[in-house]
Each structure stands twice: as structure tokens, then as C-alpha cells.
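Asker: Below is the file query-v6.cif, which contains mmCIF, C-alpha atoms.
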```cif
data_start
#
loop_
_atom_site.group_PDB
_atom_site.id
_atom_site.type_symbol
_atom_site.label_atom_id
_atom_site.label_comp_id
_atom_site.auth_asym_id
_atom_site.auth_seq_id
_atom_site.Cartn_x
_atom_site.Cartn_y
_atom_site.Cartn_z
ATOM 1 C CA MET P 1 27.072 -28.983 -17.725
ATOM 2 C CA THR P 2 25.741 -32.078 -19.520
ATOM 3 C CA ALA P 3 25.226 -35.044 -17.229
ATOM 4 C CA PRO P 4 27.604 -37.908 -17.990
ATOM 5 C CA ASN P 5 26.281 -41.089 -19.572
ATOM 6 C CA PHE P 6 27.441 -43.675 -17.070
ATOM 7 C CA LYS P 7 26.667 -46.630 -19.336
ATOM 8 C CA THR P 8 28.805 -45.171 -22.115
ATOM 9 C CA LEU P 9 31.610 -44.260 -19.736
ATOM 10 C CA GLY P 10 31.513 -47.687 -18.135
ATOM 11 C CA ALA P 11 31.577 -49.477 -21.479
ATOM 12 C CA ALA P 12 34.479 -47.324 -22.699
ATOM 13 C CA LEU P 13 36.428 -47.983 -19.520
ATOM 14 C CA LEU P 14 35.870 -51.736 -19.676
ATOM 15 C CA ALA P 15 37.004 -51.704 -23.294
ATOM 16 C CA ALA P 16 40.139 -49.784 -22.298
ATOM 17 C CA LEU P 17 40.794 -52.293 -19.520
ATOM 18 C CA GLY P 18 40.471 -55.164 -21.941
ATOM 19 C CA LEU P 19 42.774 -53.583 -24.519
ATOM 20 C CA CYS P 20 45.407 -52.702 -21.923
ATOM 21 C CA ALA P 21 45.225 -56.201 -20.451
ATOM 22 C CA LEU P 22 45.882 -57.707 -23.893
ATOM 23 C CA LEU P 23 48.671 -55.220 -24.583
ATOM 24 C CA PHE P 24 50.633 -55.928 -21.408
ATOM 25 C CA LEU P 25 49.882 -59.658 -21.202
ATOM 26 C CA PHE P 26 51.169 -60.279 -24.716
ATOM 27 C CA ASN P 27 53.931 -57.658 -24.538
ATOM 28 C CA PRO P 28 55.396 -57.880 -21.010
ATOM 29 C CA GLY P 29 58.680 -56.497 -22.316
ATOM 30 C CA LEU P 30 56.995 -53.132 -22.847
ATOM 31 C CA ASP P 31 57.317 -52.428 -19.124
ATOM 32 C CA LEU P 32 61.039 -53.200 -19.182
ATOM 33 C CA ALA P 33 61.581 -51.122 -22.304
ATOM 34 C CA VAL P 34 59.943 -48.039 -20.802
ATOM 35 C CA SER P 35 61.736 -48.351 -17.466
ATOM 36 C CA SER P 36 65.088 -48.940 -19.164
ATOM 37 C CA ALA P 37 64.854 -45.469 -20.730
ATOM 38 C CA PHE P 38 65.364 -44.021 -17.241
ATOM 39 C CA TYR P 39 68.019 -46.461 -16.041
ATOM 40 C CA ARG P 40 71.802 -46.408 -16.350
ATOM 41 C CA GLU P 41 74.081 -49.198 -15.186
ATOM 42 C CA THR P 42 76.375 -46.717 -13.497
ATOM 43 C CA ASP P 43 73.699 -44.533 -11.880
ATOM 44 C CA GLY P 44 70.634 -46.757 -11.632
ATOM 45 C CA PHE P 45 67.386 -44.796 -11.942
ATOM 46 C CA TRP P 46 69.128 -41.452 -11.958
ATOM 47 C CA LEU P 47 66.018 -39.383 -11.247
ATOM 48 C CA GLU P 48 65.346 -41.197 -7.973
ATOM 49 C CA ASN P 49 67.249 -38.699 -5.840
ATOM 50 C CA GLU P 50 66.400 -35.479 -7.658
ATOM 51 C CA SER P 51 65.411 -33.126 -4.844
ATOM 52 C CA LEU P 52 63.022 -31.016 -6.939
ATOM 53 C CA LEU P 53 61.060 -34.082 -8.020
ATOM 54 C CA SER P 54 60.976 -35.389 -4.462
ATOM 55 C CA THR P 55 59.672 -32.032 -3.239
ATOM 56 C CA TYR P 56 56.956 -32.093 -5.875
ATOM 57 C CA ARG P 57 56.006 -35.645 -4.929
ATOM 58 C CA ASN P 58 55.712 -34.792 -1.237
ATOM 59 C CA SER P 59 53.755 -31.596 -1.924
ATOM 60 C CA PHE P 60 51.317 -33.360 -4.222
ATOM 61 C CA ASN P 61 50.758 -36.217 -1.767
ATOM 62 C CA ILE P 62 50.024 -33.746 1.025
ATOM 63 C CA THR P 63 47.609 -31.827 -1.214
ATOM 64 C CA SER P 64 45.861 -34.970 -2.384
ATOM 65 C CA MET P 65 45.416 -36.450 1.095
ATOM 66 C CA SER P 66 44.314 -33.073 2.430
ATOM 67 C CA LEU P 67 41.562 -33.034 -0.194
ATOM 68 C CA ALA P 68 40.390 -36.440 1.003
ATOM 69 C CA VAL P 69 40.367 -35.396 4.662
ATOM 70 C CA VAL P 70 38.674 -32.052 3.983
ATOM 71 C CA SER P 71 36.032 -33.805 1.889
ATOM 72 C CA LEU P 72 35.240 -36.122 4.791
ATOM 73 C CA ILE P 73 34.923 -33.165 7.161
ATOM 74 C CA LEU P 74 32.706 -31.210 4.775
ATOM 75 C CA TRP P 75 30.551 -34.282 4.118
ATOM 76 C CA ILE P 76 29.853 -34.403 7.861
ATOM 77 C CA VAL P 77 29.293 -30.632 8.053
ATOM 78 C CA CYS P 78 26.703 -30.855 5.271
ATOM 79 C CA TYR P 79 24.413 -32.826 7.568
ATOM 80 C CA TRP P 80 24.102 -29.805 9.867
ATOM 81 C CA ARG P 81 24.168 -26.830 7.520
ATOM 82 C CA GLY P 82 23.505 -28.092 4.001
ATOM 83 C CA PRO P 83 25.789 -27.516 0.996
ATOM 84 C CA VAL P 84 29.259 -26.163 1.784
ATOM 85 C CA PHE P 85 30.680 -23.722 -0.780
ATOM 86 C CA GLY P 86 27.613 -24.628 -2.822
ATOM 87 C CA VAL P 87 28.725 -28.256 -3.051
ATOM 88 C CA TYR P 88 26.197 -30.914 -2.047
ATOM 89 C CA ASP P 89 26.840 -33.657 0.497
ATOM 90 C CA ARG P 90 26.726 -36.342 -2.210
ATOM 91 C CA VAL P 91 29.725 -34.781 -3.941
ATOM 92 C CA TRP P 92 31.778 -34.661 -0.739
ATOM 93 C CA ALA P 93 30.698 -38.246 -0.049
ATOM 94 C CA PHE P 94 31.754 -39.250 -3.562
ATOM 95 C CA ILE P 95 35.249 -37.799 -3.120
ATOM 96 C CA THR P 96 35.705 -39.328 0.332
ATOM 97 C CA LEU P 97 34.540 -42.794 -0.708
ATOM 98 C CA LEU P 98 36.561 -42.651 -3.913
ATOM 99 C CA TYR P 99 39.766 -42.247 -1.903
ATOM 100 C CA VAL P 100 38.750 -44.867 0.660
ATOM 101 C CA LEU P 101 37.606 -47.534 -1.804
ATOM 102 C CA GLY P 102 40.064 -46.806 -4.646
ATOM 103 C CA PRO P 103 43.571 -45.985 -3.372
ATOM 104 C CA GLY P 104 42.718 -47.207 0.114
ATOM 105 C CA LEU P 105 40.928 -50.553 -0.084
ATOM 106 C CA LEU P 106 41.382 -51.784 -3.666
ATOM 107 C CA VAL P 107 44.928 -50.624 -4.331
ATOM 108 C CA ASN P 108 46.812 -50.540 -1.019
ATOM 109 C CA GLY P 109 44.606 -52.964 0.876
ATOM 110 C CA LEU P 110 44.248 -55.637 -1.811
ATOM 111 C CA LEU P 111 46.375 -55.420 -4.948
ATOM 112 C CA LYS P 112 49.652 -54.110 -3.512
ATOM 113 C CA SER P 113 49.426 -56.605 -0.645
ATOM 114 C CA TYR P 114 48.688 -59.801 -2.592
ATOM 115 C CA VAL P 115 49.864 -59.549 -6.218
ATOM 116 C CA GLY P 116 53.543 -59.812 -5.211
ATOM 117 C CA ARG P 117 55.129 -57.989 -8.145
ATOM 118 C CA ALA P 118 58.606 -56.566 -7.471
ATOM 119 C CA ARG P 119 59.303 -52.923 -8.227
ATOM 120 C CA PRO P 120 61.521 -51.997 -11.206
ATOM 121 C CA ALA P 121 64.514 -51.065 -9.045
ATOM 122 C CA ASP P 122 64.325 -54.494 -7.368
ATOM 123 C CA VAL P 123 64.348 -56.746 -10.468
ATOM 124 C CA THR P 124 67.508 -58.285 -11.891
ATOM 125 C CA GLU P 125 67.228 -56.357 -15.165
ATOM 126 C CA PHE P 126 67.879 -53.155 -13.204
ATOM 127 C CA GLY P 127 70.416 -54.372 -10.667
ATOM 128 C CA GLY P 128 68.034 -55.896 -8.138
ATOM 129 C CA GLU P 129 67.643 -59.458 -6.871
ATOM 130 C CA ASN P 130 64.032 -60.289 -7.771
ATOM 131 C CA ALA P 131 62.573 -61.718 -10.953
ATOM 132 C CA PHE P 132 60.529 -59.537 -13.268
ATOM 133 C CA THR P 133 56.821 -60.361 -13.410
ATOM 134 C CA GLY P 134 54.494 -59.209 -16.160
ATOM 135 C CA ALA P 135 51.391 -57.189 -15.364
ATOM 136 C CA LEU P 136 48.245 -58.942 -14.126
ATOM 137 C CA ARG P 137 50.190 -62.009 -12.976
ATOM 138 C CA ILE P 138 50.368 -63.222 -9.392
ATOM 139 C CA ALA P 139 53.945 -63.550 -8.130
ATOM 140 C CA ASN P 140 55.894 -64.081 -4.930
ATOM 141 C CA GLU P 141 58.705 -61.598 -5.523
ATOM 142 C CA CYS P 142 57.469 -59.020 -3.013
ATOM 143 C CA GLN P 143 55.842 -59.472 0.376
ATOM 144 C CA SER P 144 54.214 -56.076 1.006
ATOM 145 C CA ASN P 145 53.764 -52.625 -0.537
ATOM 146 C CA CYS P 146 54.513 -54.149 -3.931
ATOM 147 C CA SER P 147 54.624 -52.690 -7.413
ATOM 148 C CA PHE P 148 51.217 -53.613 -8.853
ATOM 149 C CA VAL P 149 49.428 -51.275 -8.948
ATOM 150 C CA SER P 150 50.807 -47.805 -8.266
ATOM 151 C CA GLY P 151 49.473 -46.418 -4.997
ATOM 152 C CA GLU P 152 50.430 -42.863 -5.860
ATOM 153 C CA GLY P 153 49.112 -43.311 -9.383
ATOM 154 C CA SER P 154 45.780 -44.316 -7.881
ATOM 155 C CA SER P 155 45.798 -41.315 -5.532
ATOM 156 C CA ALA P 156 46.641 -39.022 -8.438
ATOM 157 C CA THR P 157 43.696 -40.449 -10.363
ATOM 158 C CA ALA P 158 41.374 -39.950 -7.398
ATOM 159 C CA PHE P 159 42.655 -36.386 -7.074
ATOM 160 C CA PHE P 160 41.913 -35.497 -10.701
ATOM 161 C CA ILE P 161 38.498 -37.156 -10.668
ATOM 162 C CA SER P 162 37.706 -35.220 -7.488
ATOM 163 C CA ILE P 163 38.639 -31.992 -9.244
ATOM 164 C CA LEU P 164 36.296 -32.951 -12.086
ATOM 165 C CA ALA P 165 33.507 -33.588 -9.565
ATOM 166 C CA LEU P 166 34.017 -30.179 -7.951
ATOM 167 C CA SER P 167 34.510 -28.198 -11.162
ATOM 168 C CA PRO P 168 30.785 -27.778 -12.018
ATOM 169 C CA PHE P 169 30.424 -25.740 -8.827
ATOM 170 C CA VAL P 170 32.940 -23.148 -10.040
ATOM 171 C CA SER P 171 30.724 -20.526 -11.666
ATOM 172 C CA ASN P 172 33.390 -18.814 -13.759
ATOM 173 C CA LYS P 173 33.963 -20.854 -16.924
ATOM 174 C CA ALA P 174 37.583 -19.788 -17.391
ATOM 175 C CA MET P 175 38.422 -20.578 -13.775
ATOM 176 C CA ARG P 176 36.682 -23.926 -14.101
ATOM 177 C CA TYR P 177 38.759 -24.918 -17.124
ATOM 178 C CA LEU P 178 41.916 -23.637 -15.449
ATOM 179 C CA LEU P 179 41.187 -25.718 -12.335
ATOM 180 C CA VAL P 180 40.647 -28.873 -14.401
ATOM 181 C CA THR P 181 43.771 -28.249 -16.470
ATOM 182 C CA ILE P 182 45.963 -27.682 -13.426
ATOM 183 C CA GLY P 183 44.463 -30.716 -11.722
ATOM 184 C CA PHE P 184 45.131 -32.909 -14.748
ATOM 185 C CA CYS P 185 48.731 -31.743 -15.167
ATOM 186 C CA ALA P 186 49.461 -32.101 -11.453
ATOM 187 C CA ALA P 187 48.023 -35.621 -11.297
ATOM 188 C CA LEU P 188 49.715 -36.743 -14.529
ATOM 189 C CA THR P 189 53.080 -35.480 -13.293
ATOM 190 C CA ALA P 190 52.697 -37.222 -9.927
ATOM 191 C CA ALA P 191 51.796 -40.546 -11.532
ATOM 192 C CA THR P 192 54.516 -40.334 -14.180
ATOM 193 C CA LEU P 193 57.235 -39.599 -11.640
ATOM 194 C CA ARG P 194 56.823 -43.066 -10.149
ATOM 195 C CA VAL P 195 57.834 -44.585 -13.492
ATOM 196 C CA LEU P 196 60.705 -42.154 -14.023
ATOM 197 C CA LYS P 197 62.096 -42.907 -10.569
ATOM 198 C CA GLY P 198 62.017 -46.682 -11.027
ATOM 199 C CA ARG P 199 59.389 -47.210 -8.369
ATOM 200 C CA HIS P 200 56.705 -48.503 -10.730
ATOM 201 C CA PHE P 201 56.361 -49.991 -14.177
ATOM 202 C CA LEU P 202 54.248 -48.294 -16.834
ATOM 203 C CA SER P 203 51.527 -50.921 -16.445
ATOM 204 C CA ASP P 204 51.356 -50.273 -12.685
ATOM 205 C CA THR P 205 50.373 -46.691 -13.403
ATOM 206 C CA VAL P 206 48.076 -47.468 -16.332
ATOM 207 C CA PHE P 207 46.052 -50.008 -14.380
ATOM 208 C CA SER P 208 45.940 -47.811 -11.275
ATOM 209 C CA VAL P 209 44.259 -45.145 -13.410
ATOM 210 C CA LEU P 210 41.813 -47.625 -14.934
ATOM 211 C CA PHE P 211 40.885 -49.390 -11.690
ATOM 212 C CA VAL P 212 40.276 -46.177 -9.740
ATOM 213 C CA SER P 213 38.321 -44.752 -12.670
ATOM 214 C CA LEU P 214 36.106 -47.850 -12.580
ATOM 215 C CA VAL P 215 35.497 -47.317 -8.863
ATOM 216 C CA ALA P 216 34.677 -43.675 -9.629
ATOM 217 C CA ILE P 217 32.103 -44.564 -12.283
ATOM 218 C CA ILE P 218 30.359 -47.018 -9.955
ATOM 219 C CA LEU P 219 30.315 -44.481 -7.116
ATOM 220 C CA ALA P 220 29.113 -41.692 -9.404
ATOM 221 C CA TRP P 221 26.302 -43.894 -10.671
ATOM 222 C CA LEU P 222 25.278 -44.647 -7.097
ATOM 223 C CA LEU P 223 25.665 -41.145 -5.645
ATOM 224 C CA LEU P 224 25.533 -38.530 -8.387
ATOM 225 C CA ARG P 225 23.262 -39.700 -11.209
ATOM 226 C CA ARG P 226 20.135 -38.072 -9.729
ATOM 227 C CA LYS P 227 22.040 -34.991 -8.678
ATOM 228 C CA LYS P 228 20.825 -31.669 -10.051
ATOM 229 C CA ALA P 229 23.228 -28.752 -10.291
ATOM 230 C CA GLY P 230 21.519 -25.795 -8.714
#
```
As C-alpha cells, what does this structure read like?

Answerer:
Amino acid sequence: MTAPNFKTLGAALLAALGLCALLFLFNPGLDLAVSSAFYRETDGFWLENESLLSTYRNSFNITSMSLAVVSLILWIVCYWRGPVFGVYDRVWAFITLLYVLGPGLLVNGLLKSYVGRARPADVTEFGGENAFTGALRIANECQSNCSFVSGEGSSATAFFISILALSPFVSNKAMRYLLVTIGFCAALTAATLRVLKGRHFLSDTVFSVLFVSLVAIILAWLLLRRKKAG
């Protein structure tokens, strides 16, 4: 596979961040409009208690966190026996650190703890008691585990990027494309569900994807740019 151009990817991602920042800063009502499509005054966010969606959410979270834990274990194993399943230690390190620094430190450790944005189900527009805050604005409407950005959206992003990192080591081309396709659909569904259930605004998910992707590009540049497949 062709090695990625990290400068091009980084520039494209920064441009996307800038465009999304402008979009949501100047159109804060976009978040309310999207969330309102899944809200009824009589039922609230009616998909919140759908058992099938909850089962999917739980299954995906277990799968995603298992990938992170297994990657850490295999990263350690690589020091004793070399590549595991043909995958080099730098790739396992990349996946492990992506989860730790992205969803772990940046999202749950920093943003969700200090931005203070209330979740959709908690704002007055949707029957809650807190004021709505636009994206990228510091608020005091939530004390912990807040809305901005989406923790599960960030984990879903880390999951898909991890699948992309592992896919070059799948020798069969059809299986490789199938793996990437399934990984993308699974991650997209997991991230989208948080909006449908009223647990996050659209911008929470969008910026979780962009921020974790930025972490991934920096890590890939540090760990994978000199990596040779084979």
C-alpha cells in the first residue's frame, strides 16, 4: 500500500477543523435542529431506551476497549518475540497510544471535564434544566462527564483508525477491504447513536472525530512514517 503523506493529511485535517469551527460557531442552532429531529415533547428522545440500540452500543464499546487492551498486551509481547500476527510493535504501540491520548487523555481527561457543555437531554429546549451552549464555548452548565466532545465518538474514531492501521497486514485484498468497510460502518453507527439518543449534539461527534484524527496523524508521523511493510 502507498505510504500516507502526513503533511497533506495534516493540512486537510486542519482545514476541516477550521471549516467545522466556523460552521458551528456561526450556526449554533444547527446542533439544536439536528437533535430536535429525534425528540418529541411527549416521548423525549424516543430512541434512548431502544434495547437493540443499547445492545449494539454495549457490544461495540466492549469490542473497542478490548482492541485497546489487546494492543497493549501485544505491544509488550513484541519485545520478547518480535511481530505478532505479522504486525510490528510500532503498530501495536500506535493503537495503544491512540486510545490513551485521544479518548483517554484529550477527550475524557480534558475536554469533557472542563468545557462544561450540557448534554442535549439536559437543556431547556429538550425538557431539561440547563442552558444550551454552542460548540467550542466554555460553559458552566455541567460539572463532569459533559457533552463536548463525545467520548464514545472519540472511541469509535480510534477504533476505525486502528482497523486502518492493521488492514495492511491482511494479505487478502478482499478481506482487507471487507475489514475496513465493517470497521467504518460499526464505528459510524456507534458515534451516530449518541446523537440519536440525545446524549450528544452533532458537533460533539464531529469534533471528537477531528480531534482524535489529529492525535492519530501526529502519532503516525512519530511512530509509523519510517515503517516498512514486509

Asker: What are the nearest atom pairs, with distances in Å to one decimal, for all residues of segment 39-81 of chain P that come at most 8 Å from segment 150-170 of chain P, using all atoms listed in the file, set out by chain and rising residue number as CSV?

Answerer:
```
residue,atom,partner,partner_atom,distance
P:Asn61,CA,P:Glu152,CA,7.8
P:Ser64,CA,P:Phe159,CA,5.9
P:Leu67,CA,P:Phe159,CA,7.7
```

Asker: Nearest to Leu210 of chain P among P:Gly183, P:Pro103, P:Pro28, P:Gly82, with distances taken over all atoms listed in the file: which residue is it?

Answerer: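 Closest to Leu210 of chain P, using all atoms listed in the file: P:Pro103.
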
Asker: Between P:Thr63, P:Ser203, P:Ser208, P:Asn130, single out the one closest to Leu111 of chain P, counting all atoms listed in the file.

Answerer: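 Using all atoms listed in the file, the shortest distance to Leu111 of chain P belongs to P:Ser208.
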
Asker: Quick one: residues within 10 Å of segment 71-79 of chain P, all atoms listed in the file counted, chain neighbours fewer than 2 positions away excluded, as a PyMOL selection string?

Answerer: chain P and resi 65-69+81-85+87-97+99+162

Asker: Please compute the atom CA of Ala187 of chain P-atom CA of Phe24 of chain P distance, one decimal, in Å.

Answerer: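 Computing the Euclidean distance for atom CA of Ala187 of chain P and atom CA of Phe24 of chain P yields 22.8 Å.
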
Asker: Ranking P:Asp31, P:Glu41, P:Glu141, P:Glu50 by minimum distance to Val115 of chain P and counting all atoms listed in the file, which one comes first?

Answerer: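 Going through P:Asp31, P:Glu41, P:Glu141, P:Glu50 one by one, the smallest distance to Val115 of chain P is for P:Glu141.
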
Asker: Do you know which residues the PyMOL selection byres ((chain P and resi 48) around 8) returns on this file, as a JSON list (two decimals) with C-alpha atoms, in the coordinates of the input?

Answerer:
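The result, stored in out-v7.json:
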```
[["chain", "number", "residue", "atom", "x", "y", "z"],
["P", 45, "PHE", "CA", 67.39, -44.80, -11.94],
["P", 46, "TRP", "CA", 69.13, -41.45, -11.96],
["P", 47, "LEU", "CA", 66.02, -39.38, -11.25],
["P", 49, "ASN", "CA", 67.25, -38.70, -5.84],
["P", 50, "GLU", "CA", 66.40, -35.48, -7.66],
["P", 196, "LEU", "CA", 60.70, -42.15, -14.02],
["P", 197, "LYS", "CA", 62.10, -42.91, -10.57],
["P", 198, "GLY", "CA", 62.02, -46.68, -11.03]]
```

Asker: When you draw a straight line from atom CA of Phe207 of chain P to atom CA of Ala21 of chain P, how long is it in Å?

Answerer: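 Pair atom CA of Phe207 of chain P / atom CA of Ala21 of chain P returns 8.7 Å.
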
Asker: Given the file shown, determine the residues that the PyMOL selection byres ((chain P and resi 119) around 7) selects; report them as an MDAnalysis selection string.

Answerer: chainID P and resid 117:118 120:123 146:147 199:200

Asker: Can you tell me how far atom CA of Leu13 of chain P sits from atom CA of Ile217 of chain P, in Å to one decimal?

Answerer: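 Pair atom CA of Leu13 of chain P / atom CA of Ile217 of chain P returns 9.1 Å.
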
Asker: I want to know what sits within 10 Å of Leu101 of chain P, based on only C-alpha atoms, with residues of the same chain fewer than 6 positions away left out; could you give that as a PyMOL selection string?

Answerer: chain P and resi 107-109+212+215-216+219

Asker: Would you please work out which residue, of P:Ala131, P:Thr8, P:Cys185, P:Ala190, is nearest to Ser59 of chain P when using all atoms listed in the file?

Answerer: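 Using all atoms listed in the file, the shortest distance to Ser59 of chain P belongs to P:Ala190.
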
Asker: Considering only C-alpha atoms, state which residue in the set P:Val149, P:Leu22, P:Leu14, P:Leu32 is at the smallest distance from Phe132 of chain P.

Answerer: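 Of P:Val149, P:Leu22, P:Leu14, P:Leu32, the one nearest Phe132 of chain P is P:Leu32, counting only C-alpha atoms.
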
Asker: May I ask which of the residues P:Thr124, P:Leu17, P:Phe60, P:Thr133 is the closest one to Phe201 of chain P, counting all atoms listed in the file?

Answerer: P:Thr133

Asker: Would you compute the box with edges along x, y and z of the file around segment 199-213 of chain P, including every atom the file lists for it and 5 Å extra on each side, and give its centre and edge lengths in Å to one decimal, as lines of an AutoDock Vina configuration file?

Answerer:
```
center_x = 48.9
center_y = -47.8
center_z = -12.6
size_x = 31.1
size_y = 16.2
size_z = 18.5
```
